[in-house]
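Single-structure report; data block below.
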There are 4 protein chains.
Amino acid sequence: MKIIKNGTIVTAADVYKADIRIEGEKIVEIAKTIEPLVNEEVIDATGQYILPGGIDVHTHLAWPFQNTGTADDFETGSKAAAVGGITTIINFTNPGKDQTLIENLHEWKDKASVSAIDYGFHSIINKYHEGILDEITVLAEKEGVTSIKLFMAYKGELMVNDLEMYKIMKKAGEVGVITAVHAENGDIIDDLVAEALLKGQTAPIYHAKTRPSSLEAEATGRALSIAEVANAPVYIVHVSCKEAMEQVERAKKKGVTAFGETCPQYLVLDESYLALEGFEGGKYVCSPPLRSKDNQEYLWKGLASGILSTVGSDHCPFFFEGQKTLGKDDFSKIPNGVPGLEDLYSLMFHYGVQEGRLSLQKFVDVTSSTPAKLFGMYPTKGTIAIGVDADLVLMDPNPTRTITQKTQYQNVDYNTYEGTEVKGMITCVLSRGDILSKDGQFIGELGRGKYQYRKAFQPL
Amino acid sequence: MKIIKNGTIVTAADVYKADIRIEGEKIVEIAKTIEPLVNEEVIDATGQYILPGGIDVHTHLAWPFQNTGTADDFETGSKAAAVGGITTIINFTNPGKDQTLIENLHEWKDKASVSAIDYGFHSIINKYHEGILDEITVLAEKEGVTSIKLFMAYKGELMVNDLEMYKIMKKAGEVGVITAVHAENGDIIDDLVAEALLKGQTAPIYHAKTRPSSLEAEATGRALSIAEVANAPVYIVHVSCKEAMEQVERAKKKGVTAFGETCPQYLVLDESYLALEGFEGGKYVCSPPLRSKDNQEYLWKGLASGILSTVGSDHCPFFFEGQKTLGKDDFSKIPNGVPGLEDLYSLMFHYGVQEGRLSLQKFVDVTSSTPAKLFGMYPTKGTIAIGVDADLVLMDPNPTRTITQKTQYQNVDYNTYEGTEVKGMITCVLSRGDILSKDGQFIGELGRGKYQYRKAFQPL
Amino acid sequence: MKIIKNGTIVTAADVYKADIRIEGEKIVEIAKTIEPLVNEEVIDATGQYILPGGIDVHTHLAWPFQNTGTADDFETGSKAAAVGGITTIINFTNPGKDQTLIENLHEWKDKASVSAIDYGFHSIINKYHEGILDEITVLAEKEGVTSIKLFMAYKGELMVNDLEMYKIMKKAGEVGVITAVHAENGDIIDDLVAEALLKGQTAPIYHAKTRPSSLEAEATGRALSIAEVANAPVYIVHVSCKEAMEQVERAKKKGVTAFGETCPQYLVLDESYLALEGFEGGKYVCSPPLRSKDNQEYLWKGLASGILSTVGSDHCPFFFEGQKTLGKDDFSKIPNGVPGLEDLYSLMFHYGVQEGRLSLQKFVDVTSSTPAKLFGMYPTKGTIAIGVDADLVLMDPNPTRTITQKTQYQNVDYNTYEGTEVKGMITCVLSRGDILSKDGQFIGELGRGKYQYRKAFQPL
Amino acid sequence: MKIIKNGTIVTAADVYKADIRIEGEKIVEIAKTIEPLVNEEVIDATGQYILPGGIDVHTHLAWPFQNTGTADDFETGSKAAAVGGITTIINFTNPGKDQTLIENLHEWKDKASVSAIDYGFHSIINKYHEGILDEITVLAEKEGVTSIKLFMAYKGELMVNDLEMYKIMKKAGEVGVITAVHAENGDIIDDLVAEALLKGQTAPIYHAKTRPSSLEAEATGRALSIAEVANAPVYIVHVSCKEAMEQVERAKKKGVTAFGETCPQYLVLDESYLALEGFEGGKYVCSPPLRSKDNQEYLWKGLASGILSTVGSDHCPFFFEGQKTLGKDDFSKIPNGVPGLEDLYSLMFHYGVQEGRLSLQKFVDVTSSTPAKLFGMYPTKGTIAIGVDADLVLMDPNPTRTITQKTQYQNVDYNTYEGTEVKGMITCVLSRGDILSKDGQFIGELGRGKYQYRKAFQPL
């Protein structure tokens, strides 16, 4: 049993001072003053916020992609997460060509068994066949996987077509599964890439030029219309621009059960990073690409007003040397993705709360409560209340720290936000009552993370 | 000390099972299981929701208006509120021509001293003069009145002009006061009314015809633009139609600190009621008038999506016989207003939660949390958390009851929602730990209500 | 040489009284008073409007489709057109699987050689292969075909995919060819149809239910985005609903060179026709399907305000007996299309001009001037001015007539608008100076129609 | 009689080559080739456009304003107009406090009798009284004044209030009079000006800062709503920004008979001019003020798409020395207005047609046809057709010229567009068949201009 004393609790609705008692993995008491029993550990949170642990529903740990694989596995990744305030992730699977979704899920559960934090999976469906619809039912009803992921880009590797998407979404909707969608028109992007390369346009900036906002907005609109006809819930991942966000807004107004996610890279960085000297821009290649700076304000407002529902890191790390540099002479060979899991929570706190774009409550909402609710983990996770897992972050709002690769746990040779000074220090992170980190040092155990068997989708 | 056991607590973010301990006026402990001490009263909430008490920021108790006065005073009104789940109201004042706002406030505090529930006041400013700006400062800084109300209609009685509104809003913004606005273009409405009467159009339905949506939308847009230029927070009361709501949405997107309120009469009733046979329509005369039915869906969606922030009752009761009938032969003589305080909470629970238009959390948000936050009473009120006033409603979601004048506490000879069957029974209402009602019977004390000294406006 | 005296000339900009002299095929003089030379024929137009001949850019004469073929060929079709005020059509081709577009065009020119009126062709591209891009160039530069047509529906028969559309549009844009698009998401529609049939939903109304507005809007948005990226002009045929029209508006605002067409069936009829008793609804099966009545007002306003640019008949006639009845027990076997060429002009004049929805000038604009301009025939056609082909319609605005199959020239056993009374009688139709019809009787010659070698696309 | 040979005629719909014969004041023949009769004057227009004379419906010649008066009277102004391609103006009147509108009109007709070009008047109503409604009827029915002007700014001098506007618009609508509105919220602007001056903000740039876009948009929306309720046509003059334009668009979509005008200063200049060094910015003070540059693109698109209907010069010239400099130490004393009549037509041709923002036809539409139609002068004026006044401009599209005060006819010591190089030279201007200017030199007669007795308003 533990007690956290003298802190200020924040939920998606409330901010108030109280003490918390944890018994086993759960929060069992919240009170004005809790006196410690004998042998009860006391954590002093004076002057600090007590926040629900971050839930990052968009990670690619140990993920094979574009002839290589991401740099973090569940060991390095979960340590980085823990230090950074993320206590639960939902990672993507990636089924092999001859595997069922269930076989593949089991493989991933094995891979993840080393994790320090809790985890679940979105099953990617990268190939349509008749049996797949039954597999979705099994996932939902037997395996606790109540979200899947479809790609409208990366043809040959991941992409499904409209009809496949429709059939999958329809079944998913029927069995309480929400469909996450990567929305970019891959067919046309592939052709734009080929055109660019033909013209000798090989630098990283052409990654952005060949994936214009209009093709993200188009695919977003399409996915939302298909979800509408399929009468199914849909979650648009990594909305990067105003134009795509407007599609989400339009669909919501029509009554589509639609949600949008954005990522810190789209809120904080912009396409000028892709044009940095030398091959430096290669570090910032992700898809959708970084956009022009004017989009940032719209995305922040979208989060604040509820047009967008969540933030995810889209953590998809590749080494600069040896991986990113594969595309030195051809941007299309740069593996798509940036590291971000470790800094997601701090970046959102700094740019969101400290700079006045999000209230404390809205911060909790987009980093924890809504992710938990949309993905079937609420009220086991996602808030601070009785009976909820004691996944907690203590945040001292006053100190500043500088983000840098030098001190990170992420297993990669750069940091997307290198040199950024953020105000707010994560002093302690608990997962189901266990202390995982203190003052930026991982002190938890590997392998203690639990697979999250998730409930069927419920509208908010 | 009291304990509420076995209920399901709802906040604007969360739904979870826990016991609550109340000590004095406050919630001091929320825990999985709280064992009662000797002599501690236990309320059993098995199968019930424990909800924050409703905060109705739009009431007209004891209000002189249109040569008559409203039918409920703070005695009858506060009893009706208490029974109906409303534990705090903000009532309008109405300063006399030769009174300062402060003198008038003190009069109102006297009037309200009999109240069974807590109360605050929005000071109406119905007359501009140089000293008024200083009075606003005094209200905010010395009297805890951090909201005022302006009218763009009712010329001669209440209306201020654009420049007055601008100057008032500007000062209000500077001293942390939010300005509530009744937005209808009164000048033109007065002329439309005169035109109608000239043509012999005297029936209640002409009340609606002479106050078209377009003139509400116009005034709404104007008030929002003035607030924008004044850099001040603004709260549009009783948004009745899509067209006005779109103005609120437009302003929010521009970054105006703007909020919209709607009322159950606009969500549930429509203008066909004004055309009921005989003079029956007179019962439903309020301003803005009831609108065409297609507006309802938009208002509900507006609440659910956050374009609208709150619901208020706009409780402004007049006897049908003797008051409403003053306008039997001339709709313009019908006092404007309907009773609604007693049923606000039940109607929102039934049509909102039970019929699937609002989540439980959103219900709490619009009936309690956001009103508390916008009007400087949070976190003293507006949620269920440690240190918060124990203003609680126990709601059994399963039984149904029929709304009727026969059993109401409202001091008026009809009920706006007569015969409506609502699902969900308020079994117990507490205010600062005192039980005010049980199973629809008022068992509290008069005069125990406290004036709420409110804090300066803070953006959400 | 001919003179038309005493009429009122209407162009897309102007209405004025003047006499017209025709020399050979051209208008050579417009003057206050023209005195006839010896032997010069005089047509008296007292009390009548002199209008530019209608240009219907959406016809399917002699068109093989869905295992059958349309009921009108260039003989019956051109006679019906001539009587109805249409002096030029652009018909669709339909290349065979092993044919080049050019070979196919030549076949169609042969088919059309019997025509009484002028004609051009949109080449349908129903199959993508590498050589097709060169064929488009040849069409534009050698054959005067500066428009093509792509389908996003009718998979297996006509449909192309997104990438093919992109490549084709890009080339088209480069060589001055505008791409007409049938925008419905065929993939998903096919599945909805299969689902419906599985459930035993075989009646004509299910034609509408399985092709919802949202899938037209989706495909419209997609085509417009692809055109945007391809930097090519695009023409959305038969916009049937508000939702799709809003996509056209959105694209125009973004600067896409986009145009929308609607058809009288969408302006005048609605989906209730598909639910007529017995199999009567089969007569009204066309794609997109007839929509709910509330769309009509938006489409009319779209035409009036310029969001939509043209009207076409989408004349695609099938006999009720023997053709439409193929789908008696399965709506998906009903050939898609309705007759409309003969009545297009009269319907637009009646419902547009006479009922106050369009000015006289706007009527000319959408039925003649803009079609001519968009499709490379201006100023040879599309207006009344010096040097322009003398394609003229004399319209007496006062008499009424009843549309009926009994007296039509269309070779089909019903009329889509049977029994409709229209105000305005076409008294005389001239094509390049030849009188083709008088008072509803065809008195022209077959085979006199000329192929229109069209110019490259120019923005308006 | 005159003939114009070999030119290219442009109307709002068409562009074609033809000869024109003028007899008396009218165009009587347009033909492929017109052979001159004996003594018939021939103007050679080879290589040139023949355009309808410009109609500037927004001029302030000889206008008393803000304790001074505009620098051009009808002599200098009409000469400048004639040279610049403007053959008709509608000037504003400005009734004295004790004058009827009719008396005032007669005064203005006297003032204008010296004019070289045709003219009409919008009667300003700057004071409401009961009799004014009858005066409007007399204006429309006896005096041919079918437009009036109301101001929502310039309190004390010109401004009317909402109710007055409503009553005036209602009557105006009934008698076929369109109401032009200057839409800025004058009440609040006056206060912002006073605030600025109090802070010592006296430079010209504060003219812009104290008249923000939001207050133009507010007033625009209000005027449009009032027109909607009054069921009357309304013409918003000098729309300067996107935000106000969106109000016009919104109203049009709702079905309000609404039109918007913009001016070259808003299309071509921006608020940075107000911040020019020294007091140079004073030259550019007009109301609404110049806006941020991003508005320009929206205004151009608004003209091209028909959201905006016309351009006017808002010619309101004041000498820099002696007039503008009145406000050297106090921007609020700078007379509001810029000269522009002489260059309106050239600027629109250059920035519109030559730079590809407007087609030739749209240029004619916004500078001549639509102004004539909206203000009751069509088809006497506004196009090139039989029976229409021979008001013609010959424009050689190839030469360039530099706009400069040195060579202007405007009676003012600067030119708003000094140094601007425009492509396109006006070589000849005719008014009712009389040649007024050649190659930039006025060669016409003063006093030949005719008062235009205008018809009742007709919707387009």
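Labels used: A, B, ... for chains in the order of the structure tokens, numbers from 1 for residues in each chain, and numbers from 1 for ligands as shown.
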
Determine, for each residue of chain C having at least one atom at most 10 Å from an atom of chain D, the closest pair of atoms and their separation in Å to one decimal, counting only C-alpha atoms; order by chain and ascending number, as CSV.
```
residue,atom,partner,partner_atom,distance
C:Ile9,CA,D:Ala385,CA,9.7
C:Thr11,CA,D:Ala13,CA,7.1
C:Ala12,CA,D:Ala13,CA,5.4
C:Ala13,CA,D:Ala13,CA,5.1
C:Asp14,CA,D:Thr383,CA,7.4
C:Val15,CA,D:Pro379,CA,7.7
C:Tyr16,CA,D:Ile386,CA,6.9
C:Lys17,CA,D:Ile386,CA,7.1
C:Ala18,CA,D:Ile386,CA,6.2
C:Asp19,CA,D:Ile386,CA,9.0
C:Ile20,CA,D:Ala31,CA,9.6
C:Arg21,CA,D:Ala31,CA,9.0
C:Lys26,CA,D:Lys32,CA,9.8
C:Ile27,CA,D:Ala31,CA,8.4
C:Val28,CA,D:Lys32,CA,5.2
C:Glu29,CA,D:Ala31,CA,4.0
C:Ile30,CA,D:Ile30,CA,5.2
C:Ala31,CA,D:Glu29,CA,4.0
C:Lys32,CA,D:Val28,CA,5.2
C:Thr33,CA,D:Val28,CA,8.0
C:Ile34,CA,D:Glu29,CA,9.0
C:Lys252,CA,D:Ser305,CA,8.8
C:Lys253,CA,D:Lys301,CA,7.9
C:Lys254,CA,D:Lys301,CA,9.9
C:Gly255,CA,D:Lys301,CA,8.9
C:Tyr298,CA,D:Lys253,CA,9.3
C:Lys301,CA,D:Lys253,CA,7.9
C:Gly302,CA,D:Lys253,CA,9.4
C:Ala304,CA,D:Leu460,CA,10.0
C:Ser305,CA,D:Gly306,CA,7.2
C:Gly306,CA,D:Ser305,CA,7.1
C:Ile307,CA,D:Ser305,CA,8.3
C:Leu358,CA,D:Leu460,CA,8.8
C:Ser359,CA,D:Leu460,CA,6.6
C:Leu360,CA,D:Leu460,CA,9.5
C:Gln361,CA,D:Leu460,CA,9.0
C:Lys362,CA,D:Leu460,CA,9.3
C:Asp365,CA,D:Ala13,CA,8.3
C:Ser369,CA,D:Ala13,CA,7.9
C:Thr370,CA,D:Ala13,CA,9.4
C:Tyr378,CA,D:Asp14,CA,9.2
C:Pro379,CA,D:Tyr16,CA,7.4
C:Thr380,CA,D:Tyr16,CA,9.9
C:Gly382,CA,D:Asp14,CA,9.3
C:Thr383,CA,D:Asp14,CA,7.4
C:Ile384,CA,D:Asp14,CA,8.8
C:Ala385,CA,D:Tyr16,CA,7.2
C:Ile386,CA,D:Ala31,CA,6.0
C:Gly387,CA,D:Lys32,CA,6.8
C:Val388,CA,D:Tyr16,CA,8.5
C:Pro459,CA,D:Ser359,CA,8.7
C:Leu460,CA,D:Ser359,CA,6.6
```

As a list in words, please: the residues near Ile435 (chain B) (cut-off 7 Å, only C-alpha atoms, same-chain neighbours under 5 positions excluded). Val429, Leu430 and Gly444 of chain B

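For Asp56 (chain A), the non-local neighbours within 9 Å, defined as residues at least 2 positions apart in the same chain or in other chains and counting only C-alpha atoms, are Gly54, His58, Thr59, Ala81, Ile86, Thr87, Thr88, Ile89, Ile90, Asn91, Val311, Gly312, Ser313, Asp314, Leu341, Leu344, Thr367, Ser368 and Pro371 of chain A.
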
Selected residues written out with N, CA and C atoms, as a short mmCIF file (atom, residue, chain, number, x, y, z; two decimals), in the first residue's frame:
```cif
data_model
loop_
_atom_site.label_atom_id
_atom_site.label_comp_id
_atom_site.auth_asym_id
_atom_site.auth_seq_id
_atom_site.Cartn_x
_atom_site.Cartn_y
_atom_site.Cartn_z
N GLY A 54 -0.08 8.64 -19.08
CA GLY A 54 -0.37 8.81 -20.49
C GLY A 54 -0.67 7.50 -21.19
N HIS A 58 -0.60 5.00 -30.26
CA HIS A 58 -0.01 4.98 -31.60
C HIS A 58 1.50 4.76 -31.53
N THR A 59 1.89 3.50 -31.31
CA THR A 59 3.33 3.18 -31.28
C THR A 59 3.67 2.03 -32.21
N ALA A 81 9.03 5.05 -22.49
CA ALA A 81 7.65 5.45 -22.20
C ALA A 81 7.50 5.75 -20.72
N ILE A 86 4.28 7.80 -19.95
CA ILE A 86 3.33 6.94 -20.67
C ILE A 86 3.28 5.60 -19.95
N THR A 87 2.11 5.23 -19.48
CA THR A 87 2.00 3.99 -18.72
C THR A 87 1.27 2.88 -19.47
N THR A 88 0.72 3.20 -20.60
CA THR A 88 0.07 2.19 -21.45
C THR A 88 0.29 2.58 -22.90
N ILE A 89 0.57 1.60 -23.71
CA ILE A 89 0.62 1.85 -25.15
C ILE A 89 -0.29 0.87 -25.87
N ILE A 90 -0.75 1.29 -27.02
CA ILE A 90 -1.32 0.30 -27.95
C ILE A 90 -0.41 0.32 -29.17
N ASN A 91 0.20 -0.81 -29.40
CA ASN A 91 1.19 -0.94 -30.46
C ASN A 91 0.52 -1.58 -31.68
N VAL A 311 -4.07 12.73 -28.79
CA VAL A 311 -2.73 12.79 -29.40
C VAL A 311 -2.04 11.45 -29.21
N GLY A 312 -1.33 11.05 -30.23
CA GLY A 312 -0.50 9.85 -30.15
C GLY A 312 0.89 10.24 -30.62
N SER A 313 1.88 9.44 -30.27
CA SER A 313 3.24 9.83 -30.68
C SER A 313 3.54 9.40 -32.10
N ASP A 314 2.84 8.37 -32.61
CA ASP A 314 3.28 7.70 -33.84
C ASP A 314 4.78 7.40 -33.76
N LEU A 341 7.87 8.77 -28.46
CA LEU A 341 7.17 8.21 -27.31
C LEU A 341 7.62 8.82 -25.98
N LEU A 344 6.36 12.69 -25.79
CA LEU A 344 4.96 13.03 -26.08
C LEU A 344 4.30 13.79 -24.93
N THR A 367 -4.57 13.08 -23.64
CA THR A 367 -3.43 12.17 -23.46
C THR A 367 -3.80 10.87 -22.74
N SER A 368 -4.97 10.87 -22.08
CA SER A 368 -5.26 9.68 -21.30
C SER A 368 -6.73 9.25 -21.32
N PRO A 371 -8.26 8.46 -25.03
CA PRO A 371 -7.67 7.21 -25.53
C PRO A 371 -8.21 5.98 -24.80
#
```

If you run DSSP on this backbone, which residues of region 14-114 of chain A come out as strand (DSSP E or B), and could you give them as number ranges by chain? A: 15-23, 26-31, 41-44, 49-52, 54-59, 64-65, 68-69, 86-92

Using only C-alpha atoms, determine which residues lie at most 8 Å from Ser287 (chain B), disregarding the query and same-chain residues fewer than 2 positions distant; provide the list as an mmCIF file with N, CA, C and O atoms, in the first residue's frame.
```cif
data_model
loop_
_atom_site.group_PDB
_atom_site.id
_atom_site.type_symbol
_atom_site.label_atom_id
_atom_site.label_comp_id
_atom_site.auth_asym_id
_atom_site.auth_seq_id
_atom_site.Cartn_x
_atom_site.Cartn_y
_atom_site.Cartn_z
ATOM 1 N N VAL B 285 -45.366 31.394 -24.178
ATOM 2 C CA VAL B 285 -44.725 32.625 -24.644
ATOM 3 C C VAL B 285 -43.477 32.911 -23.804
ATOM 4 O O VAL B 285 -43.573 33.152 -22.603
ATOM 5 N N PRO B 289 -38.692 33.152 -28.774
ATOM 6 C CA PRO B 289 -39.849 32.264 -28.824
ATOM 7 C C PRO B 289 -39.446 30.829 -29.156
ATOM 8 O O PRO B 289 -38.338 30.582 -29.637
ATOM 9 N N LEU B 290 -40.333 29.902 -28.884
ATOM 10 C CA LEU B 290 -40.135 28.540 -29.376
ATOM 11 C C LEU B 290 -39.989 28.593 -30.895
ATOM 12 O O LEU B 290 -40.595 29.422 -31.549
ATOM 13 N N ASN B 336 -43.517 37.575 -20.770
ATOM 14 C CA ASN B 336 -42.621 36.622 -21.450
ATOM 15 C C ASN B 336 -41.932 35.712 -20.454
ATOM 16 O O ASN B 336 -41.129 36.181 -19.636
ATOM 17 N N GLY B 337 -42.167 34.431 -20.551
ATOM 18 C CA GLY B 337 -41.441 33.514 -19.685
ATOM 19 C C GLY B 337 -42.241 32.268 -19.393
ATOM 20 O O GLY B 337 -43.475 32.274 -19.452
#
```

Check the DSSP output for the backbone and give back, as a ChimeraX atom specification, the residues of region 62-159 of chain B in helix (DSSP H, G or I). /B:74-83,101-112,132-143

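Interatomic distance, CA of Lys373 (chain D) to CA of Phe457 (chain D): 8.2 Å.
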
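Distance check against Thr68 (chain B) using only C-alpha atoms: of B:Val366, B:Ile136, B:Phe349, B:Phe319, the minimum falls on B:Phe319.
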
May I have the residues within 7 Å of region 179-186 of chain D as a ChimeraX atom specification, using only C-alpha atoms and disregarding those fewer than 2 positions away in the same chain? /D:147-155,169,177,188-190,215-216,219-220,233-237

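Among D:Ala194, D:Leu37, D:Leu347, D:Val393, the residue with the shortest atom-to-atom distance to Ser332 (chain D), counting only C-alpha atoms, is D:Ala194.
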
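Note that CA of Gln265 (chain B) and CA of Leu224 (chain B) are 23.5 Å apart.
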
Compile the contact shell of Tyr284 (chain C) as a PyMOL selection string: residues with an atom at most 8 Å away, counting only C-alpha atoms, same-chain residues fewer than 3 positions apart removed. chain C and resi 273-274+280-281+290+337-338+416

So that I can see what lies close to Cys428 (chain B), please list as number ranges by chain the residues with an atom at most 12 Å from it, counting only C-alpha atoms and leaving out residues fewer than 2 positions away in the same chain. B: 4, 43-45, 48-53, 82-87, 391-396, 425-426, 430-431, 433-444

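Between CA of Met348 (chain D) and CA of Phe363 (chain D) there is a distance of 7.2 Å.
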
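Distances here use only C-alpha atoms; by that measure, the residue among A:Asn398, A:Asn411, A:Ser292, A:Ser346 closest to Thr76 (chain A) is A:Asn411.
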
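Using only C-alpha atoms, the smallest distance between any of C:Ile168, C:Ala203, C:Ile403, C:Ala372 and Thr325 (chain C) comes from C:Ala203.
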